[in-house]
Structure formats: structure tokens, C-alpha cells
$ cat protein34.txt   # compact mmCIF, C-alpha atoms
# COMPACT_ATOMS: atom_id res chain seq x y z
CA ASP O 262 91.76 92.81 94.16
CA TYR O 263 94.65 93.71 91.90
CA ALA O 264 93.88 93.66 88.18
CA THR O 265 93.77 90.03 86.91
CA PHE O 266 93.25 88.69 90.45
CA GLY O 267 90.05 87.67 92.27
CA HIS O 268 86.98 89.64 91.19
CA SER O 269 89.02 92.06 89.06
CA ALA O 270 89.07 91.71 85.30
CA GLY O 271 92.05 91.28 83.02
CA LEU O 272 93.76 88.60 80.95
CA PRO O 273 95.96 86.69 81.30
CA ARG O 274 95.07 85.98 84.91
CA HIS O 275 97.41 86.48 87.86
CA VAL O 276 99.81 89.01 86.38
CA VAL O 277 101.80 90.87 89.05
CA ASP O 278 102.84 94.23 87.62
CA PRO O 279 103.79 96.94 90.18
CA VAL O 280 103.64 99.73 87.58
CA THR O 281 100.05 98.83 86.69
CA HIS O 282 99.14 98.40 90.36
CA ILE O 283 100.37 101.89 91.22
CA SER O 284 98.68 103.39 88.17
CA ASP O 285 95.38 101.76 89.14
CA LEU O 286 95.75 103.01 92.71
CA LYS O 287 96.34 106.56 91.52
CA ARG O 288 93.32 106.33 89.22
CA ALA O 289 91.16 105.20 92.15
CA ILE O 290 92.42 108.11 94.28
CA THR O 291 91.78 110.52 91.43
CA MET O 292 88.22 109.22 91.05
CA LEU O 293 87.56 109.70 94.77
CA HIS O 294 88.96 113.21 94.56
CA GLN O 295 86.96 114.18 91.49
CA LYS O 296 83.69 112.64 92.73
CA SER O 297 84.05 113.57 96.38
CA ASP O 298 80.83 115.60 96.44
CA GLU O 299 78.83 112.85 94.75
CA LEU O 300 80.29 110.19 97.05
CA LYS O 301 80.00 112.48 100.09
CA ILE O 302 83.59 112.08 101.19
CA ASP O 303 86.13 114.63 102.42
CA LYS O 304 88.73 114.78 99.66
CA ASP O 305 91.13 116.53 102.02
CA ARG O 306 91.17 113.54 104.37
CA ILE O 307 92.05 110.67 102.04
CA ALA O 308 94.43 108.18 103.63
CA LEU O 309 96.16 105.14 102.15
CA TRP O 310 96.82 101.74 103.74
CA GLY O 311 98.77 98.90 102.18
CA THR O 312 100.33 95.64 103.27
CA SER O 313 103.22 93.58 101.86
CA LEU O 314 103.53 94.40 98.13
CA GLY O 315 100.74 96.95 98.59
CA GLY O 316 102.72 98.53 101.41
CA GLY O 317 105.32 99.59 98.87
CA HIS O 318 102.62 100.66 96.42
CA VAL O 319 100.93 103.16 98.77
CA VAL O 320 104.26 104.87 99.43
CA SER O 321 105.19 104.92 95.73
CA ALA O 322 101.79 106.26 94.68
CA THR O 323 101.86 108.97 97.35
CA LEU O 324 105.28 110.22 96.29
CA GLN O 325 104.23 110.29 92.63
CA LEU O 326 101.13 112.30 93.48
CA LEU O 327 103.28 114.86 95.32
CA GLN O 328 105.27 115.69 92.20
CA PRO O 329 104.59 119.12 90.65
CA THR O 330 102.75 117.51 87.76
CA ASN O 331 101.04 114.13 87.75
CA ILE O 332 101.99 113.28 84.21
CA ASN O 333 104.21 110.26 83.83
CA HIS O 334 104.74 109.12 80.27
CA ASN O 335 105.55 105.62 81.48
CA ASP O 336 102.29 105.52 83.42
CA ARG O 337 98.66 105.38 82.33
CA THR O 338 97.67 108.16 84.76
CA THR O 339 97.22 111.74 83.60
CA LEU O 340 95.43 114.14 85.88
CA ASP O 341 93.78 117.23 84.58
CA GLY O 342 91.96 120.32 85.78
CA GLU O 343 92.29 120.97 89.49
CA GLU O 344 94.23 117.71 89.90
CA GLU O 345 97.24 119.11 88.02
CA GLU O 346 98.31 120.79 91.25
CA GLY O 347 98.24 117.47 93.07
CA ILE O 348 95.98 115.45 95.28
CA ASN O 349 96.26 115.63 99.03
CA ILE O 350 97.00 112.38 100.82
CA LYS O 351 96.45 113.02 104.49
CA ALA O 352 98.21 109.96 105.96
CA VAL O 353 99.76 106.66 104.89
CA VAL O 354 100.16 103.32 106.67
CA SER O 355 102.68 100.95 105.11
CA GLN O 356 102.49 97.54 106.76
CA VAL O 357 105.27 94.91 106.42
CA PRO O 358 105.98 96.55 103.05
CA HIS O 359 107.92 95.36 100.04
CA LEU O 360 110.54 98.11 99.78
CA ALA O 361 113.75 96.43 98.62
CA SER O 362 113.88 94.62 95.30
CA GLY O 363 112.84 91.03 94.84
CA LEU O 364 116.41 90.37 93.73
CA GLU O 365 117.69 91.41 97.16
CA SER O 366 115.12 89.20 98.84
CA VAL O 367 116.14 86.21 96.72
CA SER O 368 119.82 86.87 97.46
CA HIS O 369 119.19 86.82 101.20
CA THR O 370 117.12 83.66 100.91
CA VAL O 371 119.75 81.82 98.89
CA ALA O 372 122.50 82.91 101.29
CA SER O 373 120.54 81.56 104.25
CA ASP O 374 120.54 77.98 102.90
CA PRO O 375 122.38 77.53 99.59
CA ALA O 376 121.81 73.77 99.43
CA THR O 377 118.03 74.29 99.45
CA TYR O 378 117.63 77.53 97.59
CA ILE O 379 120.17 77.36 94.74
CA PRO O 380 118.24 74.45 93.14
CA ALA O 381 115.01 76.34 93.84
CA LEU O 382 116.40 79.43 92.10
CA CYS O 383 117.29 77.28 89.11
CA LYS O 384 113.72 75.98 89.00
CA MET O 385 112.35 79.53 89.09
CA LEU O 386 114.70 80.75 86.37
CA GLY O 387 113.85 77.71 84.27
CA GLY O 388 110.16 78.51 84.60
CA MET O 389 110.77 82.12 83.60
CA MET O 390 112.72 81.05 80.53
CA LYS O 391 110.02 78.57 79.53
CA GLY O 392 107.41 81.31 79.97
CA ALA O 393 109.37 83.68 77.76
CA LEU O 394 109.63 81.06 75.00
CA LEU O 395 105.92 80.16 75.18
CA HIS O 396 104.99 83.82 75.01
CA LEU O 397 107.32 84.43 72.08
CA LEU O 398 106.28 81.36 70.09
CA LEU O 399 102.63 80.84 71.06
CA GLY O 400 101.58 84.01 72.86
CA LYS O 401 100.57 81.94 75.90
CA PRO O 402 101.43 82.58 79.56
CA TRP O 403 103.30 80.13 81.77
CA TYR O 404 102.61 80.01 85.49
CA LEU O 405 104.75 79.51 88.57
CA PRO O 406 103.46 78.88 92.11
CA LEU O 407 102.96 82.08 94.08
CA HIS O 408 103.78 80.38 97.38
CA GLY O 409 105.30 77.00 98.19
CA LEU O 410 107.64 75.01 100.38
CA PRO O 411 111.37 75.77 100.56
CA GLY O 412 113.16 74.33 97.54
CA SER O 413 110.17 74.63 95.20
CA ALA O 414 109.78 76.89 92.17
CA ALA O 415 107.47 79.26 94.10
CA ALA O 416 107.98 83.00 94.20
CA MET O 417 107.49 82.97 98.00
CA GLN O 418 109.14 79.97 99.63
CA ASN O 419 110.86 81.13 102.79
CA SER O 420 110.12 79.17 105.92
CA GLY O 421 106.50 79.85 106.85
CA ASP O 422 105.45 81.36 103.51
CA GLU O 423 103.48 78.31 102.37
CA GLU O 424 101.49 78.02 105.60
CA GLY O 425 101.21 81.77 106.10
CA TYR O 426 99.93 82.70 102.66
CA GLY O 427 97.75 79.61 102.53
CA SER O 428 96.05 80.64 105.77
CA LEU O 429 94.88 83.86 104.12
CA CYS O 430 93.12 81.93 101.34
CA PRO O 431 90.21 79.93 102.79
CA PRO O 432 89.09 76.77 100.94
CA GLU O 433 85.89 78.39 99.67
CA THR O 434 87.97 81.01 97.86
CA ARG O 435 89.94 78.35 96.05
CA GLU O 436 86.84 76.29 95.30
CA SER O 437 85.05 79.29 93.80
CA GLY O 438 87.72 79.60 91.12
CA LEU O 439 88.49 83.20 92.10
CA TRP O 440 91.89 82.22 93.43
CA SER O 441 94.66 79.86 92.43
CA ASN O 442 98.21 79.57 93.68
CA ALA O 443 99.86 80.98 90.58
CA LEU O 444 101.44 84.01 88.96
CA THR O 445 102.67 84.47 85.41
CA SER O 446 106.34 83.69 84.91
CA ASP O 447 107.09 87.23 83.71
CA SER O 448 105.67 88.61 86.97
CA GLY O 449 108.77 87.37 88.74
CA LEU O 450 110.98 89.58 86.61
CA ARG O 451 108.89 92.65 87.38
CA ILE O 452 109.08 92.02 91.13
CA MET O 453 112.82 91.34 90.95
CA PHE O 454 113.51 94.95 89.98
CA TYR O 455 110.70 96.78 91.78
CA ARG O 456 112.39 98.77 94.58
CA PRO O 457 110.31 101.52 96.24
CA LEU O 458 113.31 102.44 98.41
CA ASP O 459 114.90 104.02 95.34
CA ALA O 460 111.83 106.17 94.75
CA ILE O 461 111.89 107.27 98.39
CA SER O 462 115.57 108.22 98.24
CA SER O 463 115.16 110.09 94.96
CA PHE O 464 112.14 111.98 96.24
CA MET O 465 113.71 113.02 99.53
CA LYS O 466 116.99 114.10 97.91
CA SER O 467 115.22 116.37 95.43
CA ASN O 468 115.28 120.07 96.23
CA ASN O 469 111.66 121.06 96.76
CA LYS O 470 112.46 124.70 95.98
CA ILE O 471 113.55 123.63 92.51
CA THR O 472 111.10 120.82 91.81
CA LYS O 473 108.25 122.47 93.72
CA ARG O 474 107.42 119.10 95.23
CA ARG O 475 105.29 119.10 98.35
CA PRO O 476 106.46 117.46 101.59
CA PRO O 477 105.23 113.92 102.24
CA PRO O 478 102.24 113.35 104.51
CA PRO O 479 102.62 111.54 107.85
CA VAL O 480 103.65 107.93 107.21
CA LEU O 481 103.53 105.01 109.63
CA PHE O 482 105.75 102.05 108.77
CA VAL O 483 105.03 98.76 110.54
CA ALA O 484 107.67 96.02 110.37
CA ALA O 485 107.85 92.47 111.67
CA GLU O 486 111.09 91.62 113.44
CA GLY O 487 111.46 88.16 111.91
CA ASP O 488 110.15 89.00 108.44
CA THR O 489 112.21 87.14 105.83
CA LEU O 490 110.02 88.23 102.90
CA CYS O 491 110.11 91.99 103.58
CA PRO O 492 112.96 92.42 106.09
CA ALA O 493 112.53 94.97 108.87
CA LYS O 494 115.90 96.60 108.14
CA TYR O 495 114.57 97.99 104.86
CA VAL O 496 111.39 99.25 106.51
CA GLU O 497 113.42 101.06 109.16
CA ARG O 498 115.63 102.50 106.42
CA ALA O 499 112.58 103.89 104.63
CA ALA O 500 111.26 105.42 107.85
CA ASP O 501 114.63 107.11 108.40
CA ARG O 502 114.57 108.60 104.91
CA ILE O 503 111.09 110.11 104.97
CA GLU O 504 110.91 113.20 107.11
CA GLY O 505 108.59 112.78 110.08
CA ALA O 506 107.80 109.13 109.41
CA GLU O 507 106.92 106.85 112.33
CA TYR O 508 108.25 103.32 112.75
CA VAL O 509 106.81 100.42 114.73
CA LEU O 510 108.60 97.08 115.07
CA LEU O 511 106.50 94.06 116.02
CA GLU O 512 108.79 91.77 117.96
CA ASN O 513 108.96 88.00 117.52
CA ALA O 514 106.81 88.24 114.39
CA GLY O 515 107.14 86.86 110.89
CA HIS O 516 105.62 88.31 107.74
CA PHE O 517 102.34 86.39 107.99
CA ASP O 518 102.08 86.31 111.79
CA ILE O 519 100.65 89.82 111.88
CA TYR O 520 97.34 88.83 110.29
CA SER O 521 95.94 87.00 113.31
CA GLY O 522 95.99 86.74 117.09
CA GLU O 523 97.59 89.17 119.49
CA LEU O 524 99.99 90.55 116.89
CA LEU O 525 97.06 91.62 114.73
CA LYS O 526 95.50 93.38 117.72
CA GLU O 527 98.78 95.10 118.59
CA MET O 528 99.30 96.24 115.01
CA LEU O 529 95.76 97.57 114.70
CA ARG O 530 96.14 99.56 117.91
CA HIS O 531 99.10 101.39 116.41
CA GLU O 532 97.43 101.95 113.06
CA ILE O 533 94.07 103.10 114.43
CA ALA O 534 95.80 105.54 116.80
CA PHE O 535 97.83 106.89 113.88
CA PHE O 536 94.79 107.43 111.67
CA LYS O 537 92.85 109.06 114.52
CA LYS O 538 95.76 111.40 115.16
CA HIS O 539 96.01 112.57 111.56
CA LEU O 540 92.46 112.27 110.20
CA LEU O 541 90.19 113.35 113.07
$ encode --input "protein34.txt" --output "C-alpha cells"
Amino acid sequence: DYATFGHSAGLPRHVVDPVTHISDLKRAITMLHQKSDELKIDKDRIALWGTSLGGGHVVSATLQLLQPTNINHNDRTTLDGEEEEGINIKAVVSQVPHLASGLESVSHTVASDPATYIPALCKMLGGMMKGALLHLLLGKPWYLPLHGLPGSAAAMQNSGDEEGYGSLCPPETRESGLWSNALTSDSGLRIMFYRPLDAISSFMKSNNKITKRRPPPPVLFVAAEGDTLCPAKYVERAADRIEGAEYVLLENAGHFDIYSGELLKEMLRHEIAFFKKHLL
């Protein structure tokens, strides 16, 4: 679970912060690398897998770890000792990933049905403004729905998002109190401007003879043809920009369709074959 979600600690609850997510991911990788003997794992065969928002995170974290020094003053991660020369990521699978900004996603959604989504956008912006005032005056968070029906104030409200996301959260999870359909209002602002595609472009344009960056590991991008949340065109664009990356397009599939049925089986066949190819 991300920090502040599910079994993970952190207050206030349900804060979506990509910078913190990536930092936590890098810390976990660093721990595996440093304690590989104790944990009896092969530190030279560490692979990353991420889906949706996490699909962008695994790519972002990998590119950061390939930089000549893993010190980022805007990040909580500082590697020392042998890790200063970088950690090897053997392979990466990025599944229906968030790669363009949330702002681009919202723009496409509004353009698809202005009568429904312009009022919804106003509701979202109103919730964000209310959250900012409550935080400023009382230090308290304000929450918006994470997923909902089209026209609501939810962060994810494209056709199918309510049913799709809801299907991934069984009733017992909700009843346990570990999950609620909410995210802090300021989370929306962070997602609006989180764009891993920019990091990919910047990394690939850099001259590795000057920056001493290492080449990226093999990456498999999996996109869903009908994905309105993380459109396939951005996934294909990322695959084109990373040297040697592989791209799989699941036809007649929406963002949440890939988590069950025949599409899940098809996707897993591609991903398992990819990991076997590069890890075994």
C-alpha cells in the first residue's frame, strides 16, 4: 500500500503524492540491495512492476536510479557507500501507466462531453479550494471521492471508472476500515502536474558521455486500447522514446478491464514471458 493508504501508516489518510511514492519505492529498492545477502536475493536481478499510477512510478524511479549520483535534494532518498554508483534494475513492466499529466487527462475528459464534465470540473475545483482554506485556517484535510460517476466531484469519473475501481475493492476491505473512497483535496493538484513523460524525454535526450548516465534496462509497456484514464497514445509515445522498450496494446480493453478475465490472462502471458526473458 502507498503511504497513508491501507495497512501503511501516515496522517492525514489517503494522500496521493507521486514524489513521496517514488521516494518510498527507491528506499525499498535500496533496502533490498543493501540487505540482499540477509534476504537471500540476487541484487543483480531486481525487477520492477507497476500498474496505473504505479506504472509511471516504476519508470520514474528507474530513471532516477540510473543517474550518476542518487542524490536529489527535492527527494528524501540519499544513497551511500556502494549505492552511490547506482542500483541495477534488471527489467521493468509498466502496465496501463499514468504517463501524461492529470491536467491532460482532465482536458480530454472535458472535451469528450462538456455538458457533463464542465460542471464536474467546477465541483472538483471547488473542493480543492475548500480544502486549501480548511488547511490554511484549521490545519484539517478535506476529501474528494477517488472514483465516481460521470459528473461527480471524483478524481476518476470517466465512463467505467466507478464500476471498474469499485470492483477492485471488495466489500470486506471497505468494512474493515482499511479503505474508503477518498483522497485529500490537495492530492488532485499533485496529480495534475505529475508527468513521467517529461522525465523520460529529459533522460533520453541527455548525453550519457557527459552525464555518465547508464542506459535504461529493458522496459515493457502494456496499454489498453480504450483506456480513457491513461490513454494508449501516451504509453506508445513513452515506448518510442526509451531505447529498446517493448510495447503491447491490448485491443478492445478499457483501463480496468485488464484486471480480470481473458484480458488479464493475455496481459500476464506477455509480462511473464518478458520477465523470463530478462531475469532467467
$ closest_residue --input "protein34.txt" --among "O:Gly388, O:Pro457, O:Pro478, O:Pro375" --to "Leu327 of chain O" --atoms "all atoms listed in the file"
O:Pro478
$ residues_near_point --input "protein34.txt" --point "(109.3, 90.2, 86.5)" --cutoff "12 Å" --atoms "all atoms listed in the file" --output "PyMOL selection string"
chain O and resi 276-280+362-364+385-386+388-390+392-393+405+416+444-455
$ closest_residue --input "protein34.txt" --among "O:Asp305, O:Glu504, O:Asp298, O:Glu497" --to "Pro358 of chain O" --atoms "all atoms listed in the file"
O:Glu497
$ atom_distance --input "protein34.txt" --atom1 "atom CA of Thr281 of chain O" --atom2 "atom CA of Pro477 of chain O"
22.3 Å
$ closest_residue --input "protein34.txt" --among "O:Thr323, O:His275, O:Gln295, O:Arg306" --to "Arg474 of chain O" --atoms "all atoms listed in the file"
O:Thr323
$ residues_around --input "protein34.txt" --residues "segment 426-431 of chain O" --least-positions-apart "4" --cutoff "7 Å" --atoms "all atoms listed in the file" --output "list in words"
His408, Asp422, Arg435 and Phe517 of chain O
$ closest_residue --input "protein34.txt" --among "O:Ile307, O:Leu398, O:Ala499, O:Leu410" --to "Val357 of chain O" --atoms "only C-alpha atoms"
O:Ala499
$ closest_residue --input "protein34.txt" --among "O:Ala443, O:Ile290, O:Ala322, O:Ile379" --to "Gly267 of chain O" --atoms "all atoms listed in the file"
O:Ala443
$ build_atoms --input "protein34.txt" --residues "segment 377-388 of chain O" --atoms "all heavy atoms" --output "mmCIF file, in the coordinates of the input"
data_model
loop_
_atom_site.group_PDB
_atom_site.id
_atom_site.type_symbol
_atom_site.label_atom_id
_atom_site.label_comp_id
_atom_site.auth_asym_id
_atom_site.auth_seq_id
_atom_site.Cartn_x
_atom_site.Cartn_y
_atom_site.Cartn_z
ATOM 1 N N THR O 377 119.465 74.354 99.746
ATOM 2 C CA THR O 377 118.030 74.290 99.450
ATOM 3 C C THR O 377 117.632 75.253 98.351
ATOM 4 O O THR O 377 116.868 74.900 97.435
ATOM 5 C CB THR O 377 117.206 74.596 100.717
ATOM 6 O OG1 THR O 377 117.476 73.610 101.708
ATOM 7 C CG2 THR O 377 115.708 74.613 100.408
ATOM 8 N N TYR O 378 118.181 76.466 98.421
ATOM 9 C CA TYR O 378 117.630 77.530 97.590
ATOM 10 C C TYR O 378 118.339 77.732 96.249
ATOM 11 O O TYR O 378 117.754 78.351 95.349
ATOM 12 C CB TYR O 378 117.576 78.829 98.386
ATOM 13 C CG TYR O 378 116.546 78.784 99.489
ATOM 14 C CD1 TYR O 378 116.927 78.796 100.826
ATOM 15 C CD2 TYR O 378 115.195 78.677 99.186
ATOM 16 C CE1 TYR O 378 115.979 78.751 101.834
ATOM 17 C CE2 TYR O 378 114.243 78.622 100.187
ATOM 18 C CZ TYR O 378 114.639 78.652 101.512
ATOM 19 O OH TYR O 378 113.693 78.590 102.504
ATOM 20 N N ILE O 379 119.555 77.263 96.076
ATOM 21 C CA ILE O 379 120.170 77.360 94.740
ATOM 22 C C ILE O 379 119.399 76.495 93.741
ATOM 23 O O ILE O 379 119.071 76.959 92.643
ATOM 24 C CB ILE O 379 121.665 76.996 94.792
ATOM 25 C CG1 ILE O 379 122.442 78.117 95.479
ATOM 26 C CG2 ILE O 379 122.200 76.767 93.382
ATOM 27 C CD1 ILE O 379 123.932 77.846 95.616
ATOM 28 N N PRO O 380 119.079 75.228 94.071
ATOM 29 C CA PRO O 380 118.240 74.450 93.140
ATOM 30 C C PRO O 380 116.868 75.097 92.914
ATOM 31 O O PRO O 380 116.332 75.055 91.799
ATOM 32 C CB PRO O 380 118.107 73.099 93.838
ATOM 33 C CG PRO O 380 119.302 72.999 94.722
ATOM 34 C CD PRO O 380 119.546 74.401 95.203
ATOM 35 N N ALA O 381 116.311 75.686 93.986
ATOM 36 C CA ALA O 381 115.010 76.340 93.840
ATOM 37 C C ALA O 381 115.103 77.531 92.882
ATOM 38 O O ALA O 381 114.211 77.746 92.048
ATOM 39 C CB ALA O 381 114.516 76.818 95.211
ATOM 40 N N LEU O 382 116.194 78.287 92.996
ATOM 41 C CA LEU O 382 116.400 79.430 92.100
ATOM 42 C C LEU O 382 116.509 78.955 90.653
ATOM 43 O O LEU O 382 115.967 79.589 89.738
ATOM 44 C CB LEU O 382 117.653 80.195 92.513
ATOM 45 C CG LEU O 382 118.023 81.411 91.665
ATOM 46 C CD1 LEU O 382 116.908 82.438 91.664
ATOM 47 C CD2 LEU O 382 119.322 82.039 92.172
ATOM 48 N N CYS O 383 117.176 77.836 90.455
ATOM 49 C CA CYS O 383 117.290 77.280 89.110
ATOM 50 C C CYS O 383 115.913 76.891 88.557
ATOM 51 O O CYS O 383 115.622 77.088 87.367
ATOM 52 C CB CYS O 383 118.212 76.060 89.114
ATOM 53 S SG CYS O 383 119.950 76.461 89.439
ATOM 54 N N LYS O 384 115.073 76.334 89.418
ATOM 55 C CA LYS O 384 113.720 75.980 89.000
ATOM 56 C C LYS O 384 112.933 77.229 88.593
ATOM 57 O O LYS O 384 112.220 77.236 87.581
ATOM 58 C CB LYS O 384 112.983 75.266 90.137
ATOM 59 C CG LYS O 384 113.521 73.891 90.485
ATOM 60 C CD LYS O 384 112.765 73.322 91.682
ATOM 61 C CE LYS O 384 113.370 72.003 92.137
ATOM 62 N NZ LYS O 384 112.683 71.474 93.344
ATOM 63 N N MET O 385 113.051 78.283 89.394
ATOM 64 C CA MET O 385 112.350 79.530 89.090
ATOM 65 C C MET O 385 112.832 80.125 87.769
ATOM 66 O O MET O 385 112.029 80.528 86.918
ATOM 67 C CB MET O 385 112.552 80.535 90.222
ATOM 68 C CG MET O 385 111.870 80.186 91.527
ATOM 69 S SD MET O 385 112.251 81.389 92.819
ATOM 70 C CE MET O 385 111.576 82.890 92.095
ATOM 71 N N LEU O 386 114.151 80.181 87.601
ATOM 72 C CA LEU O 386 114.700 80.750 86.370
ATOM 73 C C LEU O 386 114.320 79.910 85.161
ATOM 74 O O LEU O 386 114.034 80.451 84.082
ATOM 75 C CB LEU O 386 116.225 80.856 86.490
ATOM 76 C CG LEU O 386 116.745 81.866 87.517
ATOM 77 C CD1 LEU O 386 118.261 81.786 87.617
ATOM 78 C CD2 LEU O 386 116.299 83.276 87.161
ATOM 79 N N GLY O 387 114.284 78.582 85.352
ATOM 80 C CA GLY O 387 113.850 77.710 84.270
ATOM 81 C C GLY O 387 112.413 77.972 83.872
ATOM 82 O O GLY O 387 112.063 78.000 82.685
ATOM 83 N N GLY O 388 111.553 78.190 84.875
ATOM 84 C CA GLY O 388 110.160 78.510 84.600
ATOM 85 C C GLY O 388 110.002 79.838 83.883
ATOM 86 O O GLY O 388 109.166 79.976 82.979
#
